[in-house]
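Asks: Just passing along the structure, written as structure tokens.
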Amino acid sequence: MRRYCFTLDLIDDDELIAAYKQYHEAIWPEIVESIKSSGITDMEIYLSGTRLFMIMETIDTFSFENKAKADLENPKVQEWETLMWNYQKALPNAKPGEKWRLMDQIFKL
């Protein structure tokens, strides 16, 4: 098992944040299936203010490249991602089009 942590910001608007949270209370089944079928075994998202933090656990053979390719070929995932951009805001150090930024681990007990 491998663990990855990511961060992303939401647009600073209480109504948009409430809507974003509501979508994540009932994620589309196609999105859940695309996550699981890529080798992601667990995923959690936390919110503090406008900052999101995601913990993702995967099988050892998980590939970001394969997941990205499958996502591009999945119209429902593309629809979801386009919808989520209405609520999300890229971090200042993000590359163009980049959403979730992989975080570097700096401490482990």
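Following the order of the structure tokens, chains are lettered A, B, ..., residues in each are numbered from 1, and ligands are numbered from 1.
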Can you pull out the residues contacting Lys21 of chain A? Cut-off 12 Å, using only C-alpha atoms, and skip same-chain residues under 4 positions away; I want them as a PyMOL selection string.
Replies: chain A and resi 10+14-17+25-27+45-47+50+52+84+87-88
Asks: Check the DSSP output for the backbone and give back, as number ranges by chain, the residues of chain A in strand (DSSP E).
Replies: A: 2-10, 40-48, 51-58, 88-89, 101-102
Asks: Those same residues - N, CA, C and O atoms - I'd like them written as a compact mmCIF listing (two decimals), in the first residue's frame.
Replies:
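This is the output file selection.txt:
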# COMPACT_ATOMS: atom_id res chain seq x y z
N ARG A 2 0.42 2.24 -0.74
CA ARG A 2 1.11 3.52 -0.78
C ARG A 2 0.12 4.60 -0.37
O ARG A 2 -1.07 4.49 -0.63
N ARG A 3 0.61 5.65 0.25
CA ARG A 3 -0.24 6.76 0.69
C ARG A 3 0.29 8.05 0.06
O ARG A 3 1.49 8.30 0.05
N TYR A 4 -0.65 8.84 -0.44
CA TYR A 4 -0.33 10.14 -1.03
C TYR A 4 -1.23 11.19 -0.38
O TYR A 4 -2.38 10.91 -0.06
N CYS A 5 -0.69 12.39 -0.22
CA CYS A 5 -1.47 13.50 0.33
C CYS A 5 -1.43 14.65 -0.66
O CYS A 5 -0.39 14.96 -1.24
N PHE A 6 -2.59 15.27 -0.83
CA PHE A 6 -2.76 16.35 -1.80
C PHE A 6 -3.46 17.53 -1.14
O PHE A 6 -4.16 17.37 -0.14
N THR A 7 -3.33 18.70 -1.75
CA THR A 7 -4.04 19.87 -1.28
C THR A 7 -4.58 20.67 -2.46
O THR A 7 -4.07 20.57 -3.58
N LEU A 8 -5.61 21.42 -2.18
CA LEU A 8 -6.29 22.24 -3.19
C LEU A 8 -7.12 23.26 -2.43
O LEU A 8 -7.53 23.01 -1.29
N ASP A 9 -7.39 24.39 -3.04
CA ASP A 9 -8.25 25.40 -2.42
C ASP A 9 -9.62 25.42 -3.07
O ASP A 9 -9.76 25.07 -4.25
N LEU A 10 -10.60 25.84 -2.30
CA LEU A 10 -11.93 26.14 -2.83
C LEU A 10 -12.07 27.64 -2.98
O LEU A 10 -11.38 28.41 -2.30
N ILE A 40 -7.01 2.79 -6.33
CA ILE A 40 -7.12 3.57 -5.11
C ILE A 40 -8.01 2.78 -4.16
O ILE A 40 -9.14 2.45 -4.50
N THR A 41 -7.48 2.48 -3.00
CA THR A 41 -8.22 1.65 -2.05
C THR A 41 -8.92 2.45 -0.97
O THR A 41 -9.86 1.97 -0.34
N ASP A 42 -8.47 3.66 -0.72
CA ASP A 42 -9.11 4.52 0.27
C ASP A 42 -8.81 5.97 -0.07
O ASP A 42 -7.72 6.28 -0.58
N MET A 43 -9.79 6.82 0.19
CA MET A 43 -9.62 8.25 -0.08
C MET A 43 -10.44 9.02 0.94
O MET A 43 -11.59 8.68 1.20
N GLU A 44 -9.81 10.03 1.52
CA GLU A 44 -10.49 10.92 2.46
C GLU A 44 -10.16 12.35 2.07
O GLU A 44 -9.03 12.65 1.69
N ILE A 45 -11.16 13.23 2.20
CA ILE A 45 -10.95 14.66 1.94
C ILE A 45 -11.39 15.42 3.18
O ILE A 45 -12.48 15.17 3.71
N TYR A 46 -10.55 16.34 3.62
CA TYR A 46 -10.83 17.18 4.78
C TYR A 46 -10.85 18.64 4.33
O TYR A 46 -10.18 19.00 3.34
N LEU A 47 -11.58 19.46 5.06
CA LEU A 47 -11.71 20.88 4.73
C LEU A 47 -11.43 21.73 5.96
O LEU A 47 -11.95 21.46 7.04
N SER A 48 -10.61 22.76 5.78
CA SER A 48 -10.39 23.77 6.81
C SER A 48 -10.46 25.12 6.12
O SER A 48 -9.57 25.46 5.32
N ARG A 51 -9.27 25.51 2.40
CA ARG A 51 -8.21 24.57 2.04
C ARG A 51 -8.69 23.14 2.18
O ARG A 51 -9.18 22.73 3.22
N LEU A 52 -8.52 22.37 1.10
CA LEU A 52 -8.83 20.95 1.10
C LEU A 52 -7.55 20.15 1.29
O LEU A 52 -6.47 20.55 0.82
N PHE A 53 -7.68 19.01 1.95
CA PHE A 53 -6.57 18.09 2.16
C PHE A 53 -7.10 16.69 1.85
O PHE A 53 -8.13 16.29 2.39
N MET A 54 -6.43 15.99 0.96
CA MET A 54 -6.87 14.65 0.57
C MET A 54 -5.78 13.63 0.89
O MET A 54 -4.61 13.85 0.57
N ILE A 55 -6.21 12.53 1.51
CA ILE A 55 -5.33 11.38 1.75
C ILE A 55 -5.81 10.27 0.83
O ILE A 55 -7.01 9.96 0.80
N MET A 56 -4.90 9.71 0.08
CA MET A 56 -5.25 8.67 -0.88
C MET A 56 -4.33 7.48 -0.66
O MET A 56 -3.10 7.64 -0.63
N GLU A 57 -4.93 6.31 -0.48
CA GLU A 57 -4.15 5.08 -0.35
C GLU A 57 -4.39 4.22 -1.56
O GLU A 57 -5.52 4.12 -2.06
N THR A 58 -3.31 3.61 -2.05
CA THR A 58 -3.38 2.86 -3.31
C THR A 58 -2.68 1.50 -3.18
O THR A 58 -1.90 1.28 -2.26
N GLN A 88 -13.53 24.83 -7.17
CA GLN A 88 -12.12 24.73 -6.83
C GLN A 88 -11.31 25.89 -7.40
O GLN A 88 -11.69 26.49 -8.41
N LYS A 89 -10.20 26.15 -6.72
CA LYS A 89 -9.28 27.21 -7.16
C LYS A 89 -7.87 26.65 -7.06
O LYS A 89 -7.47 26.17 -5.99
N ARG A 101 -2.56 19.30 -5.71
CA ARG A 101 -1.10 19.31 -5.65
C ARG A 101 -0.61 18.25 -4.68
O ARG A 101 -1.04 18.22 -3.53
N LEU A 102 0.26 17.39 -5.16
CA LEU A 102 0.87 16.37 -4.31
C LEU A 102 1.75 17.06 -3.28
O LEU A 102 2.54 17.95 -3.60
Asks: Between A:Gln22, A:Thr82, A:Phe64, A:Ser37, which residue has the minimum interatomic distance to Gly97 of chain A, considering only C-alpha atoms?
Replies: A:Thr82
Asks: Counting only C-alpha atoms, what is within 12 Å of Ala68 of chain A, bar same-chain residues fewer than 5 positions away, as a ChimeraX atom specification?
Replies: /A:34-35,38,62-63,73-74,77-78,81,98
Asks: Pick from A:Ile11, A:Ile59, A:Ile31, A:Ala70: nearest to Leu91 of chain A, with only C-alpha atoms counted?
Replies: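 Among the listed residues, the smallest separation from Leu91 of chain A belongs to A:Ile11.
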Asks: Mind giving me the straight-line distance from atom CA of Trp80 of chain A to atom CA of Lys99 of chain A in Å, one decimal?
Replies: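 For atom CA of Trp80 of chain A relative to atom CA of Lys99 of chain A, the distance reads 13.1 Å.
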Asks: Pick the closest to Thr61 of chain A from A:Ala90, A:Glu33, A:Trp28, A:Gly39: which is it, counting only C-alpha atoms?
Replies: A:Gly39
Asks: Given the choices A:Asp104, A:Gly49, A:Pro92, A:Glu30, which gets closest to Asp71 of chain A if the distance is worked out from only C-alpha atoms?
Replies: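 For Asp71 of chain A, the nearest of the given residues is A:Glu30.
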